[in-house]
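The next block is run.cif, given as mmCIF, C-alpha atoms.
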```cif
data_protein
#
loop_
_atom_site.label_atom_id
_atom_site.label_comp_id
_atom_site.auth_asym_id
_atom_site.auth_seq_id
_atom_site.Cartn_x
_atom_site.Cartn_y
_atom_site.Cartn_z
CA MET R 1100 32.69 5.12 6.26
CA PHE R 1101 29.59 3.02 5.54
CA SER R 1102 27.85 5.82 3.62
CA GLY R 1103 25.52 4.35 0.98
CA LEU R 1104 26.27 0.73 1.92
CA LEU R 1105 23.91 -0.05 4.83
CA PHE R 1106 20.26 -0.97 4.31
CA CYS R 1107 17.38 -2.14 6.51
CA ALA R 1108 16.34 -5.70 5.62
CA ASP R 1109 12.63 -5.09 6.27
CA CYS R 1110 11.80 -1.75 4.65
CA GLY R 1111 14.85 -1.21 2.43
CA ALA R 1112 15.65 2.22 3.88
CA LYS R 1113 19.24 3.31 4.36
CA MET R 1114 20.62 2.88 7.86
CA GLN R 1115 21.64 6.11 9.59
CA LEU R 1116 24.39 6.78 12.10
CA GLN R 1117 23.11 7.65 15.55
CA ARG R 1118 25.51 9.24 18.00
CA GLY R 1119 25.21 8.79 21.75
CA GLN R 1120 27.06 6.88 24.43
CA ALA R 1121 27.92 4.45 21.66
CA GLU R 1122 27.79 5.15 17.92
CA ALA R 1123 25.22 2.91 16.26
CA TYR R 1124 23.27 2.52 13.03
CA VAL R 1125 19.47 2.50 12.96
CA CYS R 1126 16.80 2.17 10.26
CA GLY R 1127 16.35 5.50 8.46
CA SER R 1128 12.57 5.11 8.20
CA TYR R 1129 12.24 4.34 11.90
CA ARG R 1130 14.46 7.26 12.85
CA SER R 1131 12.62 9.78 10.66
CA HIS R 1132 9.20 8.75 12.08
CA LYS R 1133 7.65 8.71 8.60
CA PRO R 1134 3.84 8.57 8.63
CA GLY R 1135 2.68 4.98 8.29
CA CYS R 1136 6.13 3.54 8.99
CA THR R 1137 5.87 0.26 10.89
CA CYS R 1138 9.55 -0.67 10.75
CA THR R 1139 11.63 -1.30 13.88
CA ILE R 1140 14.93 0.23 14.95
CA HIS R 1141 17.33 -2.47 13.61
CA TYR R 1142 19.93 -1.12 16.03
CA ILE R 1143 23.54 -2.24 15.58
CA ARG R 1144 26.63 -0.71 17.17
CA ARG R 1145 29.17 0.73 14.76
CA GLU R 1146 32.04 -1.00 16.59
CA LEU R 1147 30.35 -4.41 16.28
CA LEU R 1148 29.50 -3.85 12.61
CA MET R 1149 33.11 -2.88 11.84
CA ASP R 1150 34.31 -6.07 13.52
CA LEU R 1151 31.81 -8.26 11.66
CA VAL R 1152 32.55 -6.77 8.25
CA LEU R 1153 36.34 -6.87 8.70
CA THR R 1154 36.29 -10.49 9.89
CA ASP R 1155 34.04 -11.56 7.01
CA LEU R 1156 36.16 -9.70 4.47
CA GLN R 1157 39.25 -11.47 5.80
CA ARG R 1158 37.39 -14.79 5.47
CA VAL R 1159 36.43 -14.05 1.87
CA LEU R 1160 39.92 -12.90 0.86
CA SER R 1161 41.52 -15.97 2.42
CA TYR R 1162 38.99 -18.35 0.87
CA ALA R 1163 39.20 -16.76 -2.60
CA LYS R 1164 43.02 -16.93 -2.62
CA GLU R 1165 43.38 -20.45 -1.24
CA ASN R 1166 40.47 -21.99 -3.18
CA GLU R 1167 40.38 -19.97 -6.38
CA ARG R 1168 38.95 -22.75 -8.55
CA ASP R 1169 36.20 -23.63 -6.04
CA PHE R 1170 35.49 -19.94 -5.45
CA THR R 1171 35.14 -19.34 -9.18
CA ARG R 1172 32.76 -22.28 -9.54
CA ARG R 1173 30.58 -21.23 -6.58
CA ALA R 1174 30.51 -17.58 -7.63
CA ALA R 1175 29.59 -18.55 -11.20
CA GLU R 1176 26.77 -20.80 -9.96
CA HIS R 1177 25.47 -18.05 -7.67
CA GLY R 1178 25.74 -15.47 -10.44
CA ASP R 1179 23.91 -17.72 -12.88
CA ARG R 1180 21.07 -18.36 -10.40
CA GLU R 1181 20.68 -14.67 -9.58
CA ALA R 1182 20.94 -13.67 -13.22
CA GLN R 1183 18.34 -16.25 -14.27
CA LYS R 1184 15.91 -15.02 -11.59
CA ALA R 1185 16.43 -11.43 -12.68
CA LEU R 1186 16.26 -12.31 -16.36
CA SER R 1187 13.05 -14.30 -15.95
CA ALA R 1188 11.21 -11.52 -14.11
CA GLN R 1189 12.57 -8.75 -16.31
CA ARG R 1190 11.77 -10.61 -19.53
CA ARG R 1191 8.17 -11.07 -18.41
CA GLU R 1192 7.88 -7.37 -17.55
CA LEU R 1193 9.56 -6.41 -20.83
CA GLU R 1194 7.12 -8.59 -22.77
CA LYS R 1195 4.14 -6.97 -20.99
CA ALA R 1196 5.52 -3.51 -21.72
CA GLY R 1197 5.91 -4.38 -25.40
CA ILE R 1198 2.33 -5.70 -25.62
CA ARG R 1199 0.93 -2.59 -23.91
CA LEU R 1200 2.91 -0.27 -26.20
CA ARG R 1201 1.45 -2.03 -29.24
CA GLU R 1202 -2.05 -1.69 -27.75
CA LEU R 1203 -1.49 2.03 -27.19
CA ASP R 1204 -0.32 2.48 -30.77
CA ALA R 1205 -3.48 0.76 -32.02
CA LEU R 1206 -5.71 2.88 -29.75
CA PHE R 1207 -3.98 6.08 -30.85
CA ARG R 1208 -4.46 5.20 -34.52
CA LYS R 1209 -8.16 4.50 -33.88
CA LEU R 1210 -8.63 7.83 -32.06
CA TYR R 1211 -6.76 9.68 -34.80
CA GLU R 1212 -9.01 8.10 -37.43
CA ASP R 1213 -12.15 9.01 -35.45
CA ASN R 1214 -10.90 12.58 -35.11
CA ALA R 1215 -10.06 12.84 -38.83
CA LEU R 1216 -13.51 11.56 -39.78
CA GLY R 1217 -15.28 13.93 -37.39
CA ARG R 1218 -16.49 11.25 -35.01
CA LEU R 1219 -14.33 12.77 -32.27
CA SER R 1220 -13.83 16.47 -31.58
CA ASP R 1221 -10.36 17.99 -31.31
CA THR R 1222 -10.95 18.62 -27.59
CA GLN R 1223 -11.97 15.02 -26.97
CA PHE R 1224 -9.04 13.76 -29.01
CA ALA R 1225 -6.54 15.90 -27.06
CA MET R 1226 -8.03 14.82 -23.72
CA LEU R 1227 -7.96 11.10 -24.52
CA THR R 1228 -4.54 11.00 -26.16
CA SER R 1229 -2.83 12.99 -23.41
CA GLY R 1230 -3.24 10.07 -21.02
CA TYR R 1231 -1.98 7.63 -23.62
CA ASP R 1232 1.05 9.83 -24.37
CA GLU R 1233 2.05 9.87 -20.70
CA GLU R 1234 1.65 6.11 -20.34
CA LYS R 1235 3.55 5.49 -23.56
CA ALA R 1236 6.42 7.72 -22.44
CA GLU R 1237 6.65 5.89 -19.09
CA LEU R 1238 6.50 2.48 -20.76
CA THR R 1239 9.13 3.44 -23.32
CA GLN R 1240 11.46 4.62 -20.55
CA ARG R 1241 10.84 1.47 -18.50
CA LYS R 1242 11.38 -0.73 -21.56
CA ALA R 1243 14.77 0.90 -22.17
CA ALA R 1244 15.74 0.39 -18.50
CA LEU R 1245 14.70 -3.28 -18.63
CA GLU R 1246 16.70 -3.87 -21.80
CA GLN R 1247 19.75 -2.33 -20.11
CA ALA R 1248 19.22 -4.46 -17.00
CA LEU R 1249 18.96 -7.61 -19.11
CA SER R 1250 22.14 -6.71 -20.91
CA THR R 1251 23.91 -6.21 -17.57
CA ALA R 1252 22.59 -9.50 -16.14
CA GLN R 1253 23.79 -11.41 -19.20
CA SER R 1254 27.33 -10.08 -18.80
CA ARG R 1255 27.66 -11.11 -15.13
CA LYS R 1256 29.88 -14.10 -15.95
CA ASP R 1257 32.84 -11.72 -16.25
CA ASN R 1258 32.29 -10.46 -12.70
CA THR R 1259 34.04 -13.32 -10.89
CA GLY R 1260 37.24 -12.52 -12.74
CA LYS R 1261 36.92 -8.86 -11.78
CA PHE R 1262 36.52 -9.76 -8.11
CA LEU R 1263 39.52 -12.12 -8.15
CA LYS R 1264 41.61 -9.41 -9.79
CA LEU R 1265 40.58 -7.11 -6.95
CA VAL R 1266 41.48 -9.79 -4.37
CA ARG R 1267 44.97 -10.20 -5.85
CA ASN R 1268 45.67 -6.50 -5.30
CA TYR R 1269 45.56 -7.05 -1.53
CA THR R 1270 47.93 -9.26 0.43
CA GLU R 1271 45.77 -8.84 3.54
CA VAL R 1272 43.36 -6.41 5.15
CA ARG R 1273 44.06 -5.69 8.80
CA GLU R 1274 41.68 -2.77 9.24
CA LEU R 1275 38.77 -1.20 7.42
CA ASN R 1276 38.88 2.12 5.67
CA TYR R 1277 36.57 3.85 3.22
CA GLU R 1278 38.52 2.73 0.13
CA VAL R 1279 38.58 -0.96 1.08
CA LEU R 1280 34.91 -1.00 2.10
CA HIS R 1281 33.61 0.63 -1.05
CA GLU R 1282 35.92 -1.34 -3.31
CA PHE R 1283 34.97 -4.77 -2.02
CA ILE R 1284 31.41 -4.36 -0.75
CA ASP R 1285 28.26 -3.56 -2.68
CA ARG R 1286 25.87 -3.44 0.28
CA VAL R 1287 25.30 -4.65 3.83
CA VAL R 1288 21.75 -5.58 4.85
CA ILE R 1289 20.86 -5.43 8.55
CA HIS R 1290 18.10 -7.68 9.88
CA ALA R 1291 16.24 -7.04 13.10
CA THR R 1292 17.30 -9.01 16.18
CA ASP R 1293 15.08 -12.02 16.90
CA LYS R 1294 14.11 -11.52 20.55
CA GLU R 1295 13.38 -15.21 21.13
CA THR R 1296 16.65 -16.61 19.80
CA LYS R 1297 18.64 -13.43 20.52
CA THR R 1298 20.25 -13.61 17.09
CA ARG R 1299 20.60 -11.11 14.27
CA THR R 1300 21.53 -11.78 10.64
CA ILE R 1301 23.82 -9.53 8.63
CA GLU R 1302 23.95 -10.00 4.86
CA ILE R 1303 27.12 -8.84 3.12
CA LEU R 1304 26.97 -8.61 -0.66
CA TYR R 1305 30.37 -8.25 -2.28
CA SER R 1306 31.11 -6.28 -5.44
CA PHE R 1307 30.54 -8.30 -8.64
CA VAL R 1308 29.77 -11.62 -6.88
CA GLY R 1309 27.13 -11.02 -4.20
CA GLN R 1310 27.19 -13.32 -1.16
CA VAL R 1311 30.30 -15.46 -0.80
CA GLN R 1312 30.01 -18.92 0.77
CA GLY R 1313 33.05 -20.83 2.02
CA GLY R 1314 34.70 -21.29 5.38
CA ASP R 1315 33.02 -20.90 8.75
CA PRO R 1316 30.28 -18.22 9.07
CA VAL R 1317 31.35 -15.17 11.05
CA ARG R 1318 29.64 -14.92 14.44
CA LYS R 1319 30.05 -12.27 17.13
CA SER R 1320 28.22 -11.95 20.43
CA GLN R 1321 27.69 -8.80 22.44
CA TYR R 1322 25.72 -7.87 25.54
CA ALA R 1323 22.32 -6.39 24.64
CA LYS R 1324 20.78 -4.40 27.46
CA LYS R 1325 17.23 -4.52 26.06
CA LEU R 1326 17.40 -8.29 25.75
CA GLY R 1327 18.88 -8.75 29.20
CA GLY R 1328 21.77 -10.90 27.97
CA ARG R 1329 24.14 -11.56 25.11
CA ALA R 1330 22.91 -11.47 21.53
CA GLU R 1331 24.68 -13.10 18.60
CA SER R 1332 25.18 -11.53 15.17
CA ILE R 1333 25.69 -13.92 12.24
CA VAL R 1334 27.02 -12.93 8.80
CA ILE R 1335 25.58 -14.73 5.80
#
```

Let me see whether you can do it: turn the structure in this file into structure tokens.
Amino acid sequence: MFSGLLFCADCGAKMQLQRGQAEAYVCGSYRSHKPGCTCTIHYIRRELLMDLVLTDLQRVLSYAKENERDFTRRAAEHGDREAQKALSAQRRELEKAGIRLRELDALFRKLYEDNALGRLSDTQFAMLTSGYDEEKAELTQRKAALEQALSTAQSRKDNTGKFLKLVRNYTEVRELNYEVLHEFIDRVVIHATDKETKTRTIEILYSFVGQVQGGDPVRKSQYAKKLGGRAESIVI
């Protein structure tokens, strides 16, 4: 049901379902014992996760319907902040890529001239330009991807309307299923449990709008054997 939606907060790996006495999700890197992996288990029971996600989805649906104007304003502000951060970083990278591509063009012209005038042999020319060709191809591909990402970030203002349209299609959600999960949720990020405070944070990012603030945060507690007491999970 959660296929492709769950991610470890620390290493970014996908969470994997682990079957045993109780079904649970664990960090994919930790479970695969990859060489050099220092990540922890990030264990969370499937039953608890289902409860957290359903309760938070009900909160979001209720809030979006009852406070549509406030929801639209908050979502727009969040979208603008996230878009500006993405745009700023991507524009800087795009600018660097453009500068490097121009440098490579100048270097290639210089090498071509040296080769034409006999200052550089054909073998030397081929050896030197092969590295430039590879770098240029990678930069050109990255430049195209950045331009697409910038275009997408700039069009995010329409996303709040798309989410509200999705909300209006549902009167209520009483239980989770694959369709509802993948329609409403973009990703769920699982943080490791803090052993001192016995709390764990769950980030739920909704389709089109990311994190949704409004109403009381969802909290669920459950007995954790390894911690010798109850641990609380908090959705943000």

Requested in this report: Kindly resolve the PyMOL selection byres ((chain R and resi 1122-1129) around 10) on the present coordinates and return the residues as an MDAnalysis selection string.
Outcome: chainID R and resid 1101 1105:1121 1130:1148 1289:1291

Report task. I need the residue set behind the PyMOL selection byres ((chain R and resi 1151-1163) around 8) for this file; please write it as a PyMOL selection string. Result -> chain R and resi 1147-1150+1164-1167+1170+1263+1266+1271-1275+1303+1311+1313-1314+1316-1319+1334

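You will find atom CA of Thr1239 of chain R at 20.3 Å from atom CA of Lys1209 of chain R.
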
Report task. Calculate how many Å separate atom CA of Gln1240 of chain R from atom CA of Ala1196 of chain R, rounding to one decimal. Result ->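 Going from atom CA of Gln1240 of chain R over to atom CA of Ala1196 of chain R covers 10.1 Å.
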
Report summary line: Separating atom CA of Thr1300 of chain R from atom CA of Asp1169 of chain R, to the nearest tenth of an Å, is a gap of 25.2 Å

Please write out, as lines of an AutoDock Vina configuration file, where the centre of an axis-aligned box around all listed atoms of segment 1295-1306 of chain R lies and how long its edges are, in Å to one decimal, after adding 5 Å on each side.
```
center_x = 22.2
center_y = -11.4
center_z = 7.8
size_x = 27.7
size_y = 20.3
size_z = 36.6
```

**Report entry** Picked residues, the PyMOL selection byres ((chain R and resi 1295) around 12), as a PyMOL selection string
**Finding:** chain R and resi 1291-1294+1296-1299+1326-1328+1330-1331

Report summary line: Between R:Leu1265, R:Leu1304, R:Ala1225, R:Ala1323, smallest distance to Arg1286 of chain R by all atoms listed in the file belongs to R:Leu1304

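With distances taken over all atoms listed in the file, R:Leu1203 is the one residue among R:Val1287, R:Leu1203, R:Leu1219, R:Leu1245 lying closest to Asp1232 of chain R.
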
Query raised in the report: What residues have an atom no more than 7 Å from (28.8, -1.4, -3.8) in the file's own frame, counting all atoms listed in the file, and can you write them as a ChimeraX atom specification?
Result: /R:1104,1281,1284-1286,1306

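Every protein, DNA or RNA residue with an atom at most 10 Å from Lys1242 of chain R, where all atoms listed in the file count and chain neighbours fewer than 5 positions away do not, is listed here: R:Gln1189, R:Glu1192, R:Leu1193, R:Glu1194, R:Lys1195, R:Ala1196, R:Gly1197, R:Leu1200, R:Ala1236, R:Glu1237, R:Gln1247, R:Ala1248.
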
Query raised in the report: Which one is closest to Ser1320 of chain R: R:Ser1229, R:Val1308, R:Leu1210, R:Ile1333? Count all atoms listed in the file.
Result: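 Residue with the minimum atom-to-atom distance to Ser1320 of chain R: R:Ile1333.
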